[in-house]
Amino acid sequence: MQIAANKAVSIEYTLTDDAGEVLDSSAGGGPLVYLQGAGNIIPGLEQELEGKQPGDELKVTVEPEHAYGEFSAELVAVLGRNMFEGVDELEPGMQFHASGPDGSMQIVTITAVEGDEVTVDGNHPLAGQRLTFEVKVVEVRDATEDEIAHGHIHGEGGVEH
């Protein structure tokens, strides 16, 4: 069975950056299971997997615009420490939910704390990066009606609810 829209797909993968550093991998944790065509994975990888079948192995390089987007300086801001009321210790790497420029909720990461100034970044940590995936297609099956309706895979390797 080939990968196509509304198929449940299981893949094993290793994700590296341009320097060859491993950023993520399914090794030791079981395959990633996703619903093809539902935007569960980055668009560039999803497009490259279309038409593949179990046993296929491929190496895919995805440019930022087809991954997590370009880095946007507009998503970096310096805020006063008073914006983090109730949080005693602020450190780089901490993440918070914040209202984005368009009013939607987004996650921001503290990148620096200098006195009463806190720098936060709303970009995805992998924004602006070219990503390389080494992928092996493990399984392809028809998604259930519930999975299609919910937009994600249920059960083993997927979402439980």
# chains A, B, ... in the order shown; residues from 1 in each chain; ligands from 1
>>> residues_around(residues="Leu15 in chain A", least_positions_apart="3", cutoff="12 Å", atoms="only C-alpha atoms", output="ChimeraX atom specification")
/A:12,18-27,45,59-62,67,126,129-135
>>> closest_residue(among="A:Asp56, A:Glu139, A:Glu63, A:Glu147", to="Ile42 in chain A", atoms="only C-alpha atoms")
A:Glu63
>>> select_by_dssp(residues="chain A", states="alpha helix (DSSP H)", output="ChimeraX atom specification")
/A:43-49,145-150
>>> residues_around(residues="Ser99 in chain A", least_positions_apart="4", cutoff="12 Å", atoms="only C-alpha atoms", output="ChimeraX atom specification")
/A:75,103-108,122
>>> atom_distance(atom1="CA of Phe71 in chain A", atom2="CA of His152 in chain A")
27.5 Å
